[in-house]
Structures are given as structure tokens and as C-alpha cells.
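Enquirer: Okay, so here is query_17.csv, and as you'll see once you scroll down, it has CSV, C-alpha atoms and all ligand atoms.
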chain,number,residue,atom,x,y,z
W,27,MET,CA,86.1,118.6,61.2
W,28,ALA,CA,89.5,120.3,60.8
W,29,ASP,CA,90.9,120.9,57.3
W,30,PHE,CA,94.3,119.3,56.7
W,31,SER,CA,97.1,120.1,54.2
W,32,THR,CA,99.1,116.9,54.7
W,33,ARG,CA,97.7,113.5,53.4
W,34,ASP,CA,100.7,111.2,53.7
W,35,PRO,CA,101.0,109.4,57.1
W,36,ARG,CA,104.6,108.4,56.3
W,37,ASN,CA,105.5,112.1,56.7
W,38,PRO,CA,105.9,113.4,60.3
W,39,ALA,CA,104.2,116.6,59.1
W,40,PHE,CA,101.0,114.6,58.7
W,41,TRP,CA,101.0,113.8,62.4
W,42,ASP,CA,102.3,117.2,63.5
W,43,GLU,CA,99.3,118.9,61.8
W,44,ARG,CA,96.8,116.6,63.6
W,45,PHE,CA,98.4,116.9,67.0
W,46,GLU,CA,98.6,120.7,66.6
W,47,LYS,CA,94.9,120.9,65.6
W,48,ASN,CA,94.0,118.5,68.5
W,49,PHE,CA,92.5,116.0,66.0
W,50,MET,CA,93.4,112.7,67.5
W,51,PRO,CA,90.5,110.2,67.0
W,52,TRP,CA,92.9,107.3,67.8
W,53,ASP,CA,93.8,108.7,71.2
W,54,LYS,CA,92.4,106.7,74.1
W,55,GLY,CA,93.2,109.2,76.8
W,56,ASN,CA,94.3,106.5,79.2
W,57,VAL,CA,96.2,103.2,79.5
W,58,PRO,CA,94.3,100.3,77.9
W,59,ALA,CA,93.1,97.4,80.2
W,60,GLU,CA,94.9,94.5,78.5
W,61,LEU,CA,98.3,96.2,78.8
W,62,GLN,CA,97.7,96.7,82.5
W,63,ALA,CA,96.6,93.1,83.0
W,64,PHE,CA,99.5,91.8,80.9
W,65,MET,CA,102.1,93.6,82.9
W,66,GLN,CA,100.8,92.0,86.1
W,67,THR,CA,101.4,88.5,84.6
W,68,LEU,CA,105.1,89.1,84.0
W,69,PRO,CA,107.6,88.1,86.7
W,70,GLN,CA,109.8,91.2,86.2
W,71,PRO,CA,109.8,94.5,84.4
W,72,LEU,CA,111.0,94.3,80.8
W,73,ASN,CA,113.1,96.8,78.9
W,74,THR,CA,110.3,98.3,76.7
W,75,LEU,CA,110.1,100.3,73.5
W,76,ILE,CA,106.9,102.0,72.5
W,77,PRO,CA,107.1,103.0,68.8
W,78,GLY,CA,104.8,105.8,67.5
W,79,CYS,CA,103.8,106.5,71.0
W,80,GLY,CA,101.5,109.6,70.4
W,81,ASN,CA,100.5,110.9,73.7
W,82,GLY,CA,102.4,108.1,75.5
W,83,TYR,CA,100.1,107.4,78.4
W,84,GLU,CA,101.5,103.8,78.5
W,85,ALA,CA,105.1,105.2,78.8
W,86,GLY,CA,104.1,107.2,81.9
W,87,PHE,CA,102.3,104.2,83.4
W,88,LEU,CA,105.2,101.8,82.9
W,89,ALA,CA,107.8,104.4,84.0
W,90,GLN,CA,105.7,105.0,87.2
W,91,ALA,CA,105.7,101.3,87.8
W,92,GLY,CA,109.5,101.2,87.7
W,93,TRP,CA,109.8,99.7,84.2
W,94,PRO,CA,112.7,100.8,81.9
W,95,VAL,CA,110.7,102.3,79.0
W,96,VAL,CA,111.5,104.5,76.0
W,97,ALA,CA,108.7,105.8,73.9
W,98,ILE,CA,109.5,107.2,70.5
W,99,ASP,CA,107.6,109.3,67.9
W,100,PHE,CA,108.9,111.0,64.8
W,101,SER,CA,106.4,113.8,65.0
W,102,PRO,CA,107.9,116.7,67.1
W,103,ALA,CA,104.3,117.8,67.9
W,104,ALA,CA,103.4,114.3,69.2
W,105,VAL,CA,106.5,114.4,71.4
W,106,ARG,CA,105.6,117.8,72.9
W,107,SER,CA,102.0,116.6,73.4
W,108,ALA,CA,103.2,113.4,75.2
W,109,GLN,CA,105.6,115.3,77.4
W,110,ALA,CA,102.7,117.6,78.4
W,111,ALA,CA,100.3,114.6,78.9
W,112,ILE,CA,102.6,112.5,81.1
W,113,GLY,CA,104.3,115.3,83.0
W,114,GLU,CA,107.1,114.1,85.2
W,115,TRP,CA,107.6,110.9,83.1
W,116,GLY,CA,108.1,113.0,79.9
W,117,SER,CA,111.8,112.3,79.7
W,118,HIS,CA,110.9,108.7,78.7
W,119,VAL,CA,109.6,110.1,75.3
W,120,ILE,CA,112.0,111.0,72.6
W,121,GLU,CA,111.8,112.1,69.0
W,122,ALA,CA,113.0,109.3,66.7
W,123,ASP,CA,112.0,107.4,63.6
W,124,PHE,CA,111.1,103.8,64.4
W,125,LEU,CA,112.7,102.6,61.2
W,126,THR,CA,116.2,103.9,62.2
W,127,TYR,CA,116.1,104.1,66.0
W,128,ALA,CA,118.6,101.9,67.8
W,129,PRO,CA,117.8,101.2,71.4
W,130,PRO,CA,120.8,101.6,73.8
W,131,GLN,CA,120.0,98.3,75.6
W,132,ALA,CA,118.6,95.0,74.5
W,133,LEU,CA,114.8,95.0,74.5
W,134,GLY,CA,112.5,92.6,76.3
W,135,LEU,CA,109.2,94.0,74.9
W,136,ILE,CA,107.9,96.2,72.1
W,137,TYR,CA,104.4,97.6,72.8
W,138,GLU,CA,102.1,98.2,69.9
W,139,ARG,CA,99.0,100.4,69.7
W,140,ALA,CA,97.8,102.2,66.6
W,141,PHE,CA,101.2,102.5,65.1
W,142,PHE,CA,101.2,99.6,62.6
W,143,CYS,CA,97.7,100.5,61.5
W,144,ALA,CA,98.6,104.1,61.1
W,145,LEU,CA,100.9,103.4,58.1
W,146,PRO,CA,100.0,102.2,54.6
W,147,ALA,CA,100.2,98.5,53.6
W,148,ALA,CA,103.5,99.0,51.6
W,149,MET,CA,105.3,99.7,54.9
W,150,ARG,CA,104.2,96.6,56.7
W,151,PRO,CA,107.1,94.3,55.7
W,152,ASP,CA,109.6,97.0,56.9
W,153,ILE,CA,107.8,97.4,60.2
W,154,VAL,CA,107.6,93.7,60.9
W,155,SER,CA,111.3,93.2,60.0
W,156,ARG,CA,112.3,96.1,62.2
W,157,TRP,CA,110.3,94.6,65.1
W,158,ALA,CA,112.2,91.4,64.4
W,159,ALA,CA,115.6,93.1,64.2
W,160,LEU,CA,115.1,94.9,67.5
W,161,LEU,CA,113.9,91.9,69.5
W,162,PRO,CA,116.3,89.1,70.6
W,163,ALA,CA,115.0,85.5,70.5
W,164,GLY,CA,112.4,85.0,73.3
W,165,ALA,CA,111.5,88.7,73.6
W,166,LEU,CA,107.9,89.9,73.2
W,167,LEU,CA,105.8,92.1,71.0
W,168,ALA,CA,102.5,92.8,72.6
W,169,GLY,CA,99.6,95.1,72.0
W,170,TYR,CA,96.6,96.0,69.9
W,171,PHE,CA,96.2,95.0,66.2
W,172,PHE,CA,93.4,96.2,63.9
W,173,PHE,CA,91.9,93.6,61.7
W,174,ASP,CA,89.2,93.3,59.1
W,175,ASP,CA,88.6,89.9,57.5
W,176,ALA,CA,85.6,91.0,55.4
W,177,PRO,CA,86.2,90.4,51.6
W,178,ASP,CA,85.3,94.1,51.0
W,179,ALA,CA,87.4,95.5,53.8
W,180,SER,CA,88.4,99.1,53.3
W,181,LEU,CA,91.8,99.9,51.9
W,182,LYS,CA,91.5,103.4,53.2
W,183,GLY,CA,93.2,104.8,56.3
W,184,PRO,CA,94.6,105.6,58.7
W,185,PRO,CA,93.7,103.5,60.5
W,186,PHE,CA,94.4,100.8,57.9
W,187,THR,CA,93.0,97.3,58.7
W,188,ILE,CA,94.8,94.1,57.8
W,189,HIS,CA,93.3,90.7,57.1
W,190,SER,CA,94.2,88.5,60.1
W,191,ALA,CA,95.6,85.7,57.9
W,192,ALA,CA,97.8,88.2,56.0
W,193,PHE,CA,99.2,89.5,59.3
W,194,ARG,CA,100.0,86.0,60.5
W,195,GLU,CA,101.8,85.3,57.3
W,196,LEU,CA,103.9,88.5,57.6
W,197,MET,CA,104.8,87.6,61.2
W,198,SER,CA,105.4,83.9,60.8
W,199,PRO,CA,109.0,84.0,59.7
W,200,TYR,CA,110.0,85.8,62.9
W,201,PHE,CA,107.3,85.4,65.6
W,202,ALA,CA,105.1,82.9,67.3
W,203,LEU,CA,101.6,83.9,68.6
W,204,LEU,CA,101.4,83.3,72.3
W,205,GLU,CA,98.1,85.0,73.2
W,206,GLU,CA,95.2,86.5,71.6
W,207,ARG,CA,91.9,87.9,72.9
W,208,ALA,CA,89.1,90.4,72.3
W,209,VAL,CA,89.6,93.9,73.6
W,210,SER,CA,87.4,95.1,76.5
W,211,ASP,CA,87.8,98.8,76.3
W,212,SER,CA,88.1,99.9,72.6
W,213,ILE,CA,87.4,103.4,71.6
W,214,PRO,CA,84.9,103.9,68.8
W,215,VAL,CA,87.4,104.1,65.9
W,216,PHE,CA,88.7,100.6,66.7
W,217,ALA,CA,85.7,98.9,68.3
W,218,GLY,CA,85.0,95.4,67.1
W,219,LYS,CA,88.1,95.2,65.0
W,220,GLU,CA,91.0,95.3,67.4
W,221,ARG,CA,92.5,92.3,69.2
W,222,TRP,CA,95.1,92.0,71.9
W,223,GLN,CA,97.9,89.8,70.8
W,224,VAL,CA,101.3,88.7,72.3
W,225,TRP,CA,104.0,87.5,69.9
W,226,GLN,CA,107.3,86.0,70.8
W,227,ARG,CA,110.4,86.4,68.8
W,228,LEU,CA,111.6,83.1,67.4
W,301,LIG,C1,97.6,106.9,65.2
W,301,LIG,S1,98.9,107.5,66.1
W,301,LIG,C2,99.0,106.4,67.5
W,301,LIG,C3,99.7,107.0,68.7
W,301,LIG,C4,99.7,106.1,69.9
W,301,LIG,N1,100.4,104.9,69.7
W,301,LIG,C5,98.3,105.9,70.5
W,301,LIG,O1,97.9,104.7,70.7
W,301,LIG,O2,97.6,106.8,70.7
W,301,LIG,C6,100.4,107.0,65.2
W,301,LIG,C7,101.7,107.6,65.7
W,301,LIG,O3,102.8,107.0,65.0
W,301,LIG,C8,103.7,108.0,64.8
W,301,LIG,N2,104.6,107.5,63.7
W,301,LIG,C9,104.3,107.2,62.4
W,301,LIG,N3,105.3,106.8,61.8
W,301,LIG,C10,106.4,106.8,62.6
W,301,LIG,C11,107.8,106.4,62.5
W,301,LIG,N4,108.3,105.9,61.4
W,301,LIG,N5,108.5,106.5,63.6
W,301,LIG,C12,108.0,107.0,64.8
W,301,LIG,N6,106.7,107.4,64.9
W,301,LIG,C13,105.9,107.3,63.9
W,301,LIG,C14,102.9,109.2,64.4
W,301,LIG,O4,103.6,110.4,64.6
W,301,LIG,C15,101.8,109.1,65.4
W,301,LIG,O5,102.0,109.8,66.6
Using C-alpha cells, write down the structure from this file.
Ligand SMILES: C[S@@+](CC[C@H](N)C(=O)[O-])C[C@H]1O[C@@H](n2cnc3c(N)ncnc32)[C@H](O)[C@@H]1O

Expert:
Amino acid sequence: MADFSTRDPRNPAFWDERFEKNFMPWDKGNVPAELQAFMQTLPQPLNTLIPGCGNGYEAGFLAQAGWPVVAIDFSPAAVRSAQAAIGEWGSHVIEADFLTYAPPQALGLIYERAFFCALPAAMRPDIVSRWAALLPAGALLAGYFFFDDAPDASLKGPPFTIHSAAFRELMSPYFALLEERAVSDSIPVFAGKERWQVWQRL
């Protein structure tokens, strides 16, 4: 196991160090099944943002399918890694902080995987209100959310779990839940605790 000098996931250096040491236990290495199925159900491509994209496989996949997609990450090492991972689609990945990034065009979809759970609980209201600010009424937030409803759920992370009722409460002022299901192809770090969910901006 690699030795790390940074301990605060709110700092890009935390993630730089892990990408540089090739320590990425969250990295799936491919495009998750529910996203692929979900895109097939939509009548047309949506202008999509992927916050905290890491290696950005989904950005490459959507770009290849002709979707307008921008993937952002505030870690320069993550951006370099994504650009190497997705090759010719690398121009869809840019270095930016989700909390301040302003998309050039109105969004139809924000895709979530392992970004919300990468950050400590104190940041959750800011992330949810930023999702809400970036999505016009009717637009979608879809992806993977990491839950633990046990009374003794760990407070340690990343990844940080959230109680499913607490997540619904955070989301309810801004979003309605349209879809929820178990995940068929979780990697070990998320297995049994992640759910695919689609939320619509109110
Ligand atoms: C656990 S990784 C997940 C990466 C990717 N979504 C995946 O599924 O493999 C979390 C990522 O979020 C990025 N990140 C954390 N805070 C961020 C912020 N405020 N703005 C942009 N990216 C951020 C990190 O640099 C890291 O690449």
C-alpha cells in the first residue's frame, strides 16, 4: 500500500498524489452498465457535465456516441490521466473546480460517479446546491450513489457513505427521484452499497 502525505480530499493535491502513485481503488476501468442502458432510453443526446471525472471513461464513451459532454476534475494529475485513458476524446476533459465551474451552455444532464462520496459530509449541501444551480428545471442528475443505512455506518472515507434518508432530505428541495435500482457491475469498494438513481430538477 502506498504511503501518502496528503489526507484532505478537499485539496487537489490529495488526488494528484493518488493518481501519480497509481492508487485508484475507485477506478472501474470501463463504462458502468447502468449509464450505458440509461443513455439508450433517452430520445436525444443531452448536454452533459461529469464533475470529478477521474479517468473519464464515461466522457470518452459519450463523446464517441456524439454527445456534447464536458468532464471536469480539479486535480491536474487526474486530467492528465483521463486524457491518456481516453485518447482522441481527451479534449472533452478540462481542469476545473466543480464548485466554481460555469458551463458555456445550459446542461441537460449531470452524471455522478464517486464524486459526491469522495468528499466529506460538510461539503454535501454545497455540492447539492451546485447541482441544482447548474441544472435548469426538468434537467437530470443521474448516476451512482453510495449508501449505508446501518446505525453504525462508518464516518470514515473516502469513500464516505450517506444514509439514504439523509440524501433524500438534502435533495428534496431541488430534485424529484425518477428512478432507482441496484447496480449490476459494482467494483469491490462499492459493492452492495451503491445504487443507480436518476433525479429530475424541479
Ligand atoms: C474518487 S475519484 C472518482 C473519479 C471518477 N468519477 C470515477 O468514477 O472514477 C474523485 C474525483 O473527484 C475529483 N474532485 C474532488 N473534488 C473536486 C472538485 N471540487 N472539483 C472537481 N473535481 C473534484 C478528484 O480529483 C477525483 O478525481

Enquirer: Which chains and residue numbers are within 8 Å of ligand LIG 301 (chain W), counting only C-alpha atoms and all ligand atoms, if I want them as an NGL selection string?

Expert: :W and (35-38 or 40-42 or 45 or 50 or 52-55 or 76-82 or 98-101 or 104 or 121-125 or 138-145 or 184-185)

Enquirer: Each residue of region 36-130 of chain W lying at most 12 Å from region 205-208 of chain W should get a row with its shortest atom-to-atom pair and the distance in Å to one decimal, counting all atoms listed in the file; could you produce that, ordered by chain and increasing number, as a Markdown table?

Expert:
| residue | atom | partner | partner_atom | distance |
| --- | --- | --- | --- | --- |
| W:Ala59 | CA | W:Ala208 | CA | 11.3 |
| W:Glu60 | CA | W:Arg207 | CA | 9.2 |
| W:Phe64 | CA | W:Glu205 | CA | 10.4 |

Enquirer: Restricting the output to C-alpha atoms, write the selected residues as a PDB file, in the coordinates of the input.

Expert:
ATOM      1  CA  ALA W  59      93.100  97.400  80.200  1.00  0.00           C
ATOM      2  CA  GLU W  60      94.900  94.500  78.500  1.00  0.00           C
ATOM      3  CA  PHE W  64      99.500  91.800  80.900  1.00  0.00           C
TER       4      PHE W  64
END

Enquirer: At what distance in Å, to one decimal, does CA of Phe172 (chain W) lie from CA of Val154 (chain W)?

Expert: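 That distance, rounded to one decimal, is 14.7 Å.
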
Enquirer: Which value, in Å to one decimal, gives the distance between CA of Asp29 (chain W) and CA of Tyr170 (chain W)?

Expert: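 That distance, rounded to one decimal, is 28.5 Å.
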
Enquirer: Please, what distance in Å, to one decimal, runs between CA of Ala97 (chain W) and CA of Leu75 (chain W)?

Expert: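 Those two atoms sit 5.7 Å apart.
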
Enquirer: Mind checking which residues fall within 10 Å of Gly134 (chain W), counting all atoms listed in the file, ignoring those fewer than 6 positions away in the same chain, and posting them as a ChimeraX atom specification?

Expert: /W:71-75,94,160-167,227

Enquirer: Which residue is closest to Thr126 (chain W)? Choose from W:Met149, W:Gln109, W:Arg156, W:Ile213 and count only C-alpha atoms.

Expert: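 Of the candidates, the smallest distance to Thr126 (chain W) is held by W:Arg156.
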
Enquirer: Pick the closest to Val95 (chain W) from W:Thr67, W:Gln223, W:Gln131, W:Ser210: which is it, counting only C-alpha atoms?

Expert: W:Gln131

Enquirer: Would you please work out which residue, of W:Pro199, W:Pro69, W:Gly169, W:Pro146, is nearest to Trp222 (chain W) when using all atoms listed in the file?

Expert: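 Using all atoms listed in the file, Trp222 (chain W) sits closest to W:Gly169.
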
Enquirer: Skip Leu61 (chain W) itself and residues of its chain fewer than 3 positions away, then list as a ChimeraX atom specification all residues within 9 Å of it, counting all atoms listed in the file.

Expert: /W:57-58,64-66,84,137,168-169,222

Enquirer: Go ahead and write the selection's residues with C-alpha atoms as a compact mmCIF listing (two decimals), in the coordinates of the input.

Expert:
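Just written: again33.txt:
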# COMPACT_ATOMS: atom_id res chain seq x y z
CA VAL W 57 96.20 103.20 79.50
CA PRO W 58 94.30 100.30 77.90
CA PHE W 64 99.50 91.80 80.90
CA MET W 65 102.10 93.60 82.90
CA GLN W 66 100.80 92.00 86.10
CA GLU W 84 101.50 103.80 78.50
CA TYR W 137 104.40 97.60 72.80
CA ALA W 168 102.50 92.80 72.60
CA GLY W 169 99.60 95.10 72.00
CA TRP W 222 95.10 92.00 71.90

Enquirer: Of the residues W:Lys219, W:Arg150, W:His118, W:Arg33, which is the one nearest to Phe193 (chain W), using all atoms listed in the file?

Expert: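 Looking at the shortest contact to Phe193 (chain W), the residue is W:Arg150.
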
Enquirer: Which residue out of W:Leu135, W:Ala158, W:Ser180, W:Pro51 has the minimum interatomic distance to Phe216 (chain W) when only C-alpha atoms are used?

Expert: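 Ranking W:Leu135, W:Ala158, W:Ser180, W:Pro51 by distance to Phe216 (chain W), first place goes to W:Pro51.
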
Enquirer: For each of W:Met197, W:Ala103, W:Ile153, W:Ala159, take the minimum atom-to-atom distance to Arg44 (chain W), counting all atoms listed in the file, then give the residue where this is smallest.

Expert: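 Closest to Arg44 (chain W) of all the choices is W:Ala103.
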
Enquirer: Which residues are near Gly113 (chain W)? Cut-off 12 Å, all atoms listed in the file, ignore same chain within fewer than 2 positions. Put them as a count of residues only.

Expert: 20
